[in-house]
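Structure data (compact mmCIF, C-alpha atoms) from work07.txt:
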# COMPACT_ATOMS: atom_id res chain seq x y z
CA MET F 1 44.58 -174.73 140.96
CA ALA F 2 42.86 -171.96 139.05
CA TYR F 3 39.59 -172.67 140.80
CA ALA F 4 40.49 -170.95 144.05
CA GLN F 5 41.76 -167.91 142.20
CA ASP F 6 38.62 -167.81 140.17
CA HIS F 7 36.56 -168.10 143.30
CA ARG F 8 38.44 -165.26 144.96
CA ARG F 9 37.97 -162.96 141.99
CA ARG F 10 34.30 -163.79 141.93
CA ALA F 11 33.96 -163.22 145.65
CA GLN F 12 35.68 -159.88 145.23
CA THR F 13 33.34 -158.95 142.41
CA PHE F 14 30.28 -159.80 144.41
CA SER F 15 31.47 -158.24 147.62
CA SER F 16 31.91 -155.03 145.65
CA LEU F 17 28.37 -155.50 144.41
CA ALA F 18 27.05 -155.95 147.93
CA ASN F 19 28.67 -152.67 149.06
CA PRO F 20 28.81 -150.85 145.76
CA ALA F 21 31.08 -147.91 145.28
CA PRO F 22 29.17 -145.09 143.63
CA ILE F 23 29.44 -145.77 139.93
CA VAL F 24 29.51 -142.68 137.74
CA LEU F 25 29.11 -143.41 134.11
CA SER F 26 31.31 -141.69 131.63
CA GLY F 27 31.58 -142.15 127.93
CA CYS F 28 27.85 -142.49 127.39
CA GLU F 29 26.31 -139.99 125.06
CA ARG F 30 22.86 -138.71 125.61
CA PRO F 31 20.55 -140.38 123.12
CA GLY F 32 19.51 -137.11 121.49
CA ALA F 33 22.94 -135.53 121.35
CA PRO F 34 24.63 -135.40 117.97
CA ARG F 35 27.59 -137.71 117.74
CA GLY F 36 30.77 -136.25 116.44
CA PRO F 37 33.66 -138.34 115.20
CA ARG F 38 35.81 -139.86 117.92
CA PRO F 39 38.97 -137.89 118.67
CA ASP F 40 41.12 -140.99 118.27
CA THR F 41 39.77 -141.40 114.74
CA ASP F 42 40.02 -137.67 114.00
CA PRO F 43 41.42 -137.30 110.48
CA THR F 44 43.02 -133.95 111.34
CA GLY F 45 44.93 -135.64 114.20
CA ALA F 46 44.14 -132.77 116.58
CA ALA F 47 43.34 -133.85 120.09
CA VAL F 48 40.00 -132.52 121.24
CA ALA F 49 39.74 -131.50 124.84
CA SER F 50 36.33 -130.62 126.20
CA ASP F 51 37.66 -127.83 128.41
CA SER F 52 39.53 -126.16 125.54
CA GLY F 53 36.22 -124.91 124.15
CA GLN F 54 37.60 -125.03 120.63
CA ASN F 55 35.93 -127.15 118.07
CA PRO F 56 36.93 -127.44 114.48
CA PRO F 57 34.44 -125.56 112.36
CA GLY F 58 31.75 -127.60 110.75
CA ARG F 59 31.84 -130.35 113.35
CA PRO F 60 28.93 -130.47 115.78
CA ARG F 61 30.00 -130.15 119.35
CA THR F 62 29.24 -133.22 121.44
CA ALA F 63 27.22 -132.94 124.59
CA PRO F 64 29.31 -131.82 127.57
CA THR F 65 28.55 -134.97 129.58
CA GLY F 66 29.46 -137.21 126.73
CA ALA F 67 32.48 -135.30 125.47
CA ARG F 68 35.23 -137.73 124.72
CA ILE F 69 38.55 -136.42 125.80
CA ALA F 70 41.77 -137.49 124.15
CA ASP F 71 43.86 -139.81 126.28
CA GLU F 72 46.62 -137.33 127.05
CA ALA F 73 44.10 -134.68 128.13
CA ARG F 74 41.96 -137.10 130.16
CA PRO F 75 42.37 -136.68 133.91
CA ALA F 76 43.20 -139.71 136.02
CA THR F 77 40.02 -141.71 136.60
CA PRO F 78 38.85 -141.30 140.17
CA GLU F 79 37.79 -144.35 142.16
CA GLY F 80 34.38 -145.69 141.20
CA ILE F 81 34.20 -144.09 137.78
CA CYS F 82 34.15 -146.49 134.91
CA SER F 83 32.86 -146.77 131.39
CA VAL F 84 29.43 -148.17 130.62
CA ARG F 85 30.95 -151.27 129.10
CA GLU F 86 33.09 -151.90 132.14
CA TRP F 87 30.11 -151.40 134.41
CA TRP F 88 28.02 -153.77 132.31
CA GLU F 89 30.72 -156.41 132.44
CA ARG F 90 31.13 -155.94 136.15
CA VAL F 91 27.44 -156.33 136.86
CA PHE F 92 25.88 -158.53 134.22
CA VAL F 93 28.43 -160.58 132.36
CA TRP F 94 29.79 -162.04 135.57
CA SER F 95 26.42 -162.74 137.09
CA ALA F 96 25.08 -164.36 133.94
CA SER F 97 27.78 -167.00 133.76
CA HIS F 98 28.37 -167.31 137.51
CA PRO F 99 25.36 -166.70 139.72
CA PRO F 100 26.37 -165.05 142.99
CA ARG F 101 27.38 -167.41 145.73
CA GLY F 102 27.94 -166.57 149.35
CA ASN F 103 31.44 -165.54 150.29
CA ASP F 104 31.46 -168.39 152.79
CA MET F 105 31.86 -170.83 149.92
CA PRO F 106 35.35 -172.26 150.37
CA PRO F 107 37.70 -172.71 147.39
CA PHE F 108 37.98 -176.43 148.16
CA HIS F 109 35.05 -178.51 149.35
CA ALA F 110 35.30 -181.80 151.15
CA VAL F 111 32.62 -184.14 149.79
CA TYR F 112 31.85 -187.78 150.42
CA TYR F 113 32.35 -190.23 147.59
CA ARG F 114 29.07 -191.82 146.55
CA ALA F 115 29.13 -195.43 145.41
CA PRO F 116 27.08 -196.58 142.38
CA ASP F 117 24.47 -198.07 144.76
CA GLY F 118 23.89 -194.64 146.33
CA THR F 119 25.68 -195.25 149.63
CA GLU F 120 28.42 -192.97 150.93
CA PRO F 121 31.05 -195.20 152.56
CA VAL F 122 32.83 -192.56 154.65
CA ARG F 123 29.57 -191.08 155.89
CA ASP F 124 28.26 -194.53 156.76
CA PHE F 125 31.46 -195.23 158.67
CA LEU F 126 30.95 -192.02 160.69
CA LEU F 127 27.35 -192.98 161.35
CA SER F 128 28.48 -196.34 162.70
CA LEU F 129 30.44 -194.56 165.46
CA ASP F 130 28.92 -193.06 168.60
CA LYS F 131 27.90 -189.40 168.59
CA LYS F 132 30.91 -187.91 170.41
CA ARG F 133 33.36 -189.60 168.07
CA ARG F 134 31.24 -188.58 165.10
CA VAL F 135 31.25 -184.89 166.05
CA SER F 136 34.99 -184.86 166.70
CA LEU F 137 35.89 -186.68 163.47
CA ARG F 138 33.53 -184.55 161.39
CA ASN F 139 35.15 -181.44 162.83
CA GLN F 140 38.56 -182.74 161.87
CA ILE F 141 37.38 -183.63 158.37
CA ALA F 142 35.78 -180.19 157.94
CA ARG F 143 39.22 -178.61 158.39
CA LEU F 144 39.82 -179.58 154.75
CA ASN F 145 37.46 -176.76 153.79
CA LEU F 146 40.07 -174.23 154.99
CA LEU F 147 42.54 -175.15 152.27
CA SER F 148 43.38 -172.77 149.45
CA ASP F 149 45.94 -172.35 146.70
CA GLU F 150 48.40 -170.88 149.17
CA ILE F 151 47.98 -173.72 151.67
CA PRO F 152 47.01 -176.78 149.58
CA HIS F 153 47.48 -179.36 152.35
CA LEU F 154 46.98 -179.46 156.08
CA PRO F 155 50.38 -179.54 157.81
CA PHE F 156 51.97 -182.81 158.81
CA PRO F 157 50.38 -184.49 161.76
CA HIS F 158 46.94 -183.74 160.33
CA SER F 159 47.47 -185.03 156.82
CA SER F 160 50.17 -186.79 154.88
CA GLN F 161 50.73 -188.27 151.47
CA VAL F 162 50.01 -191.98 151.02
CA GLU F 163 50.88 -192.65 147.39
CA GLY F 164 50.70 -190.45 144.35
CA GLU F 165 47.94 -187.91 144.85
CA LEU F 166 46.17 -190.05 147.43
CA ARG F 167 46.43 -188.44 150.85
CA GLU F 168 45.35 -189.46 154.32
CA LEU F 169 43.71 -187.36 156.98
CA ARG F 170 45.09 -188.40 160.33
CA CYS F 171 42.21 -188.03 162.77
CA HIS F 172 42.13 -189.18 166.32
CA TYR F 173 39.73 -189.35 169.20
CA GLY F 174 41.70 -189.72 172.41
CA ALA F 175 44.09 -192.58 171.72
CA GLU F 176 42.01 -194.04 168.90
CA HIS F 177 43.50 -193.33 165.52
CA TYR F 178 41.36 -193.01 162.44
CA ARG F 179 42.38 -192.52 158.85
CA VAL F 180 40.41 -190.89 156.06
CA LEU F 181 41.84 -191.41 152.59
CA TYR F 182 40.99 -188.63 150.16
CA ARG F 183 42.06 -187.27 146.84
CA ARG F 184 41.59 -183.92 145.18
CA SER F 185 39.53 -183.69 142.02
CA GLU F 186 39.48 -180.13 140.64
CA SER F 187 38.03 -178.09 143.52
CA LEU F 188 36.63 -181.09 145.38
CA LEU F 189 38.34 -183.13 148.04
CA VAL F 190 36.70 -186.51 147.63
CA LEU F 191 36.65 -188.57 150.82
CA LEU F 192 37.08 -192.13 149.58
CA HIS F 193 37.62 -194.39 152.54
CA ALA F 194 37.65 -194.16 156.34
CA PHE F 195 38.69 -196.75 158.89
CA ARG F 196 40.10 -197.11 162.36
CA LYS F 197 43.83 -197.68 162.30
CA THR F 198 44.97 -200.66 164.33
CA THR F 199 48.21 -201.60 162.56
CA LYS F 200 51.41 -199.61 162.50
CA GLN F 201 51.44 -199.18 158.74
CA LEU F 202 48.44 -198.47 156.57
CA PRO F 203 47.00 -201.79 155.35
CA THR F 204 47.47 -202.25 151.60
CA SER F 205 43.88 -203.46 151.29
CA ASP F 206 42.56 -200.09 152.52
CA ILE F 207 44.76 -198.22 150.07
CA ALA F 208 43.49 -200.52 147.31
CA THR F 209 39.87 -199.80 148.34
CA ALA F 210 40.51 -196.06 148.10
CA THR F 211 42.24 -196.44 144.73
CA THR F 212 39.36 -198.52 143.33
CA ARG F 213 36.82 -195.96 144.51
CA ARG F 214 38.85 -193.16 143.01
CA GLN F 215 38.95 -194.97 139.65
CA ASP F 216 35.20 -195.48 139.82
CA PHE F 217 34.72 -191.79 140.69
CA GLN F 218 36.81 -190.72 137.73
CA ALA F 219 35.12 -193.13 135.32
CA ARG F 220 31.65 -191.94 136.33
CA MET F 221 32.63 -188.28 136.16
CA ASN F 222 34.05 -188.78 132.66
CA ALA F 223 31.08 -190.82 131.46
CA LYS F 224 29.08 -189.22 128.67
CA PRO F 225 25.59 -188.09 129.72
CA ARG F 226 22.99 -190.72 129.03
CA ARG F 227 20.45 -189.87 126.38
CA ARG F 228 16.80 -190.60 126.66
CA PRO F 229 15.44 -192.99 124.07
CA ARG F 230 13.61 -191.24 121.29
CA ALA F 231 9.99 -190.73 122.18
CA ALA F 232 7.60 -192.88 120.19
CA GLY F 233 4.80 -190.37 119.61
CA HIS F 234 2.08 -190.24 117.07
CA ASP F 235 4.49 -188.95 114.43
CA ALA F 236 7.15 -191.61 115.08
CA PRO F 237 7.95 -193.81 112.13
CA MET C 1 18.57 -189.75 156.83
CA PRO C 2 18.53 -191.97 153.74
CA ASN C 3 20.53 -190.81 150.77
CA GLN C 4 18.02 -189.18 148.52
CA THR C 5 19.50 -188.80 145.10
CA LYS C 6 17.99 -187.28 142.03
CA HIS C 7 18.61 -190.34 139.88
CA PRO C 8 18.41 -193.43 142.09
CA HIS C 9 19.63 -195.73 139.33
CA ASN C 10 22.52 -193.52 138.26
CA PRO C 11 23.60 -191.49 141.30
CA SER C 12 26.26 -188.82 141.05
CA PRO C 13 29.66 -189.93 142.36
CA ILE C 14 29.83 -186.61 144.24
CA GLY C 15 28.06 -187.25 147.51
CA THR C 16 26.96 -184.97 150.33
CA SER C 17 29.39 -182.21 151.25
CA VAL C 18 30.81 -182.31 154.75
CA THR C 19 29.46 -178.83 155.49
CA GLU C 20 25.96 -179.95 154.56
CA ASP C 21 26.35 -183.13 156.58
CA ILE C 22 27.34 -181.13 159.68
CA ARG C 23 24.43 -178.76 159.16
CA THR C 24 21.87 -181.57 158.99
CA SER C 25 23.46 -183.48 161.87
CA LEU C 26 22.96 -180.48 164.19
CA GLU C 27 19.23 -181.21 164.25
CA ASP C 28 20.07 -183.91 166.79
CA ALA C 29 20.13 -182.24 170.23
CA GLU C 30 22.91 -184.44 171.62
CA ILE C 31 25.16 -183.83 168.61
CA ARG C 32 24.37 -180.12 168.73
CA SER C 33 25.38 -179.74 172.39
CA GLU C 34 28.60 -181.67 171.80
CA HIS C 35 29.32 -179.56 168.70
CA GLU C 36 28.75 -176.34 170.64
CA ARG C 37 30.96 -177.54 173.48
CA LEU C 38 33.81 -178.20 171.04
CA ALA C 39 33.27 -175.15 168.81
CA PRO C 40 35.63 -172.66 170.59
CA PHE C 41 38.40 -175.25 170.93
CA GLU C 42 38.01 -176.31 167.32
CA ALA C 43 38.05 -172.67 166.14
CA LEU C 44 41.31 -172.01 167.98
CA ALA C 45 42.80 -175.27 166.66
CA ARG C 46 41.99 -174.23 163.10
CA LEU C 47 43.55 -170.80 163.63
CA VAL C 48 46.75 -172.36 164.94
CA ILE C 49 46.95 -175.04 162.25
CA MET C 50 46.45 -172.64 159.37
CA ARG C 51 48.79 -170.02 160.82
CA ARG C 52 51.44 -172.68 161.42
CA ALA C 53 51.01 -173.91 157.84
CA ALA C 54 51.32 -170.36 156.51
CA LEU C 55 54.55 -169.85 158.45
CA GLY C 56 55.82 -173.28 157.35
CA LEU C 57 56.56 -174.46 160.88
CA SER C 58 56.37 -178.00 162.18
CA GLN C 59 54.85 -178.77 165.58
CA GLU C 60 58.34 -179.29 167.04
CA GLU C 61 59.60 -175.94 165.71
CA LEU C 62 56.57 -174.16 167.13
CA ALA C 63 57.11 -175.95 170.44
CA THR C 64 60.72 -174.79 170.68
CA ARG C 65 59.60 -171.24 169.91
CA MET C 66 57.07 -171.52 172.73
CA HIS C 67 59.45 -173.35 175.08
CA THR C 68 57.07 -176.28 175.42
CA THR C 69 56.79 -179.77 174.00
CA ALA C 70 55.21 -180.87 170.73
CA SER C 71 52.54 -182.77 172.64
CA ALA C 72 51.31 -179.46 174.11
CA ILE C 73 50.90 -178.13 170.55
CA SER C 74 49.21 -181.36 169.60
CA ARG C 75 46.72 -180.90 172.43
CA ILE C 76 45.86 -177.38 171.25
CA GLU C 77 45.54 -178.53 167.64
CA SER C 78 43.35 -181.49 168.57
CA GLY C 79 40.51 -179.05 169.10
CA THR C 80 39.15 -180.82 172.17
CA HIS C 81 41.05 -179.15 175.00
CA ALA C 82 40.75 -175.72 176.59
CA THR C 83 43.76 -173.40 176.48
CA ASN C 84 44.50 -170.87 179.21
CA ALA C 85 45.28 -167.22 178.55
CA ARG C 86 48.95 -167.55 179.43
CA THR C 87 49.53 -170.33 176.91
CA LEU C 88 47.57 -168.30 174.39
CA THR C 89 49.93 -165.33 174.85
CA ARG C 90 53.01 -167.48 174.35
CA LEU C 91 51.38 -169.16 171.36
CA ALA C 92 50.59 -165.79 169.78
CA HIS C 93 54.17 -164.57 170.22
CA ALA C 94 55.48 -167.80 168.67
CA LEU C 95 53.14 -167.30 165.70
CA ASP C 96 54.26 -163.66 165.18
CA ALA C 97 50.92 -162.35 166.39
CA ARG C 98 49.37 -160.64 169.40
CA ALA C 99 46.84 -162.42 171.56
CA VAL C 100 43.71 -160.45 172.39
CA LEU C 101 41.06 -161.10 174.97
CA GLY C 102 37.89 -159.20 175.68
CA PHE C 103 34.14 -158.95 175.67
CA GLU C 104 31.46 -158.65 173.07
CA TYR C 105 28.19 -156.79 173.59
CA GLY C 106 25.00 -156.39 171.64
CA PRO C 107 23.40 -158.73 169.12
CA PRO C 108 25.65 -161.39 167.57
CA THR C 109 24.94 -160.02 164.10
CA LYS C 110 26.16 -156.53 165.05
CA PRO C 111 28.60 -157.10 167.89
CA GLN C 112 30.51 -154.42 169.74
CA ARG C 113 33.86 -155.64 170.96
CA GLU C 114 36.19 -154.42 173.65
CA LEU C 115 39.52 -156.19 173.42
CA VAL C 116 42.78 -155.97 175.29
CA VAL C 117 46.13 -157.15 173.97
CA LEU C 118 47.56 -159.73 176.32
Please go through the file and, once you have read it, give me the structure as structure tokens.
Amino acid sequence: MAYAQDHRRRAQTFSSLANPAPIVLSGCERPGAPRGPRPDTDPTGAAVASDSGQNPPGRPRTAPTGARIADEARPATPEGICSVREWWERVFVWSASHPPRGNDMPPFHAVYYRAPDGTEPVRDFLLSLDKKRRVSLRNQIARLNLLSDEIPHLPFPHSSQVEGELRELRCHYGAEHYRVLYRRSESLLVLLHAFRKTTKQLPTSDIATATTRRQDFQARMNAKPRRRPRAAGHDAP
Amino acid sequence: MPNQTKHPHNPSPIGTSVTEDIRTSLEDAEIRSEHERLAPFEALARLVIMRRAALGLSQEELATRMHTTASAISRIESGTHATNARTLTRLAHALDARAVLGFEYGPPTKPQRELVVL
């Protein structure tokens, strides 16, 4: 469930980038300024405060902008002021590993399961219905995108547990009842099987279909990437 | 639209996302008009469902708070029926919220809103 948290932190980071607070750099010395020893590594143990105006003799005074103040003498950091390193991490380290995504990206995505032959069974089922039913059912399926760590499932009449981690989405159009069986995989909600419900209980065959597809999904996700055969060029043995 | 996958002989088990599917389906005029007709009802249904989930209420409990029946809640949460302002007020009170109603002016990207609490 760490994915949603991660997403939120990232969204926060990038929303702060979109409307940046004025960043004032501190702790960066001017390139030409002589560097004195750091106060925390001062052998004399005397805290050096920039406003005290007293420097031990023989030690070059650091530039006023880059003066490092001992922790006890340092004023509380105002909002928006951070060290160079912090600023760098905020701006570049995050964006290098996670390129910015829109804040509309939900923490959980509903996706169709794709069979090995390239078809998407749930999508094909929706396409077999007429357009009004399709729009209504798609709307109901898209509600899964609202889920988060705080609310991991839709409340009862809309979804319920079938067996284990397999859940059903209870959709309806008028008096017609439809069921979409889905299961969570990391941050994805994989829609495995959809059908119109005509019996009182869920048919075991439909649950078995969903379970088989789930096993196939897992097996293909865990499969090692296929390697190309070694190219037989002019230097091949 | 046929499923166009990057590797036709070894397709990814992760298919189209529902959001993407809705976006492409809106190119059809008939689907688009139906989608736009349902959009306000669906938006309210989602608000109610998620708020109810956050409060940990069942449809029956919400109905008793509102002095109605669970089927009335079910109608609102189906996302296909209009709700009048009076029901909305009672619904808001039952969900520990205030219902607001009003107008929006200007471009949709930079709207100016004038709202009244019901």
Could you write out as a compact mmCIF listing (two decimals) with C-alpha atoms, keeping the file's coordinate frame the residues of chain C within 8 Å of chain F, counting only C-alpha atoms?
# COMPACT_ATOMS: atom_id res chain seq x y z
CA ASN C 3 20.53 -190.81 150.77
CA THR C 5 19.50 -188.80 145.10
CA PRO C 8 18.41 -193.43 142.09
CA HIS C 9 19.63 -195.73 139.33
CA ASN C 10 22.52 -193.52 138.26
CA PRO C 11 23.60 -191.49 141.30
CA SER C 12 26.26 -188.82 141.05
CA PRO C 13 29.66 -189.93 142.36
CA ILE C 14 29.83 -186.61 144.24
CA GLY C 15 28.06 -187.25 147.51
CA THR C 16 26.96 -184.97 150.33
CA SER C 17 29.39 -182.21 151.25
CA VAL C 18 30.81 -182.31 154.75
CA THR C 19 29.46 -178.83 155.49
CA ILE C 22 27.34 -181.13 159.68
CA GLU C 30 22.91 -184.44 171.62
CA ILE C 31 25.16 -183.83 168.61
CA GLU C 34 28.60 -181.67 171.80
CA HIS C 35 29.32 -179.56 168.70
CA GLU C 42 38.01 -176.31 167.32
CA ARG C 46 41.99 -174.23 163.10
CA ILE C 49 46.95 -175.04 162.25
CA MET C 50 46.45 -172.64 159.37
CA ARG C 52 51.44 -172.68 161.42
CA ALA C 53 51.01 -173.91 157.84
CA ALA C 54 51.32 -170.36 156.51
CA SER C 58 56.37 -178.00 162.18
CA THR C 80 39.15 -180.82 172.17
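Atom CA of Glu165 of chain F to atom CA of Lys197 of chain F spans 20.4 Å [interatomic distance, one decimal].
As for atom CA of Ser78 of chain C and atom CA of Arg196 of chain F, they are spaced 17.1 Å apart.
The interatomic distance for the pair atom CA of Phe41 of chain C and atom CA of Gly79 of chain C works out to 4.7 Å.
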Test item: residues at most 9 Å from segment 175-180 of chain F, all atoms listed in the file, excluding those fewer than 6 positions along its chain, as a PyMOL selection string:
chain F and resi 122+137+141+167-169+191-198+202
Might I get the box with edges along x, y and z of the file that holds all atoms of segment 90-96 of chain C listed there, padded by 8 Å on every side, given as centre and edge lengths in Å to one decimal, as JSON?
{"center_x": 53.0, "center_y": -166.4, "center_z": 169.8, "size_x": 20.9, "size_y": 21.5, "size_z": 25.2}
At a cut-off of 8 Å, using all atoms listed in the file, what residues contact Arg98 of chain C? Leave out same-chain residues fewer than 5 positions from it and give the result as a list in words.
Thr89, Ala92, His93, Val117 and Leu118 of chain C
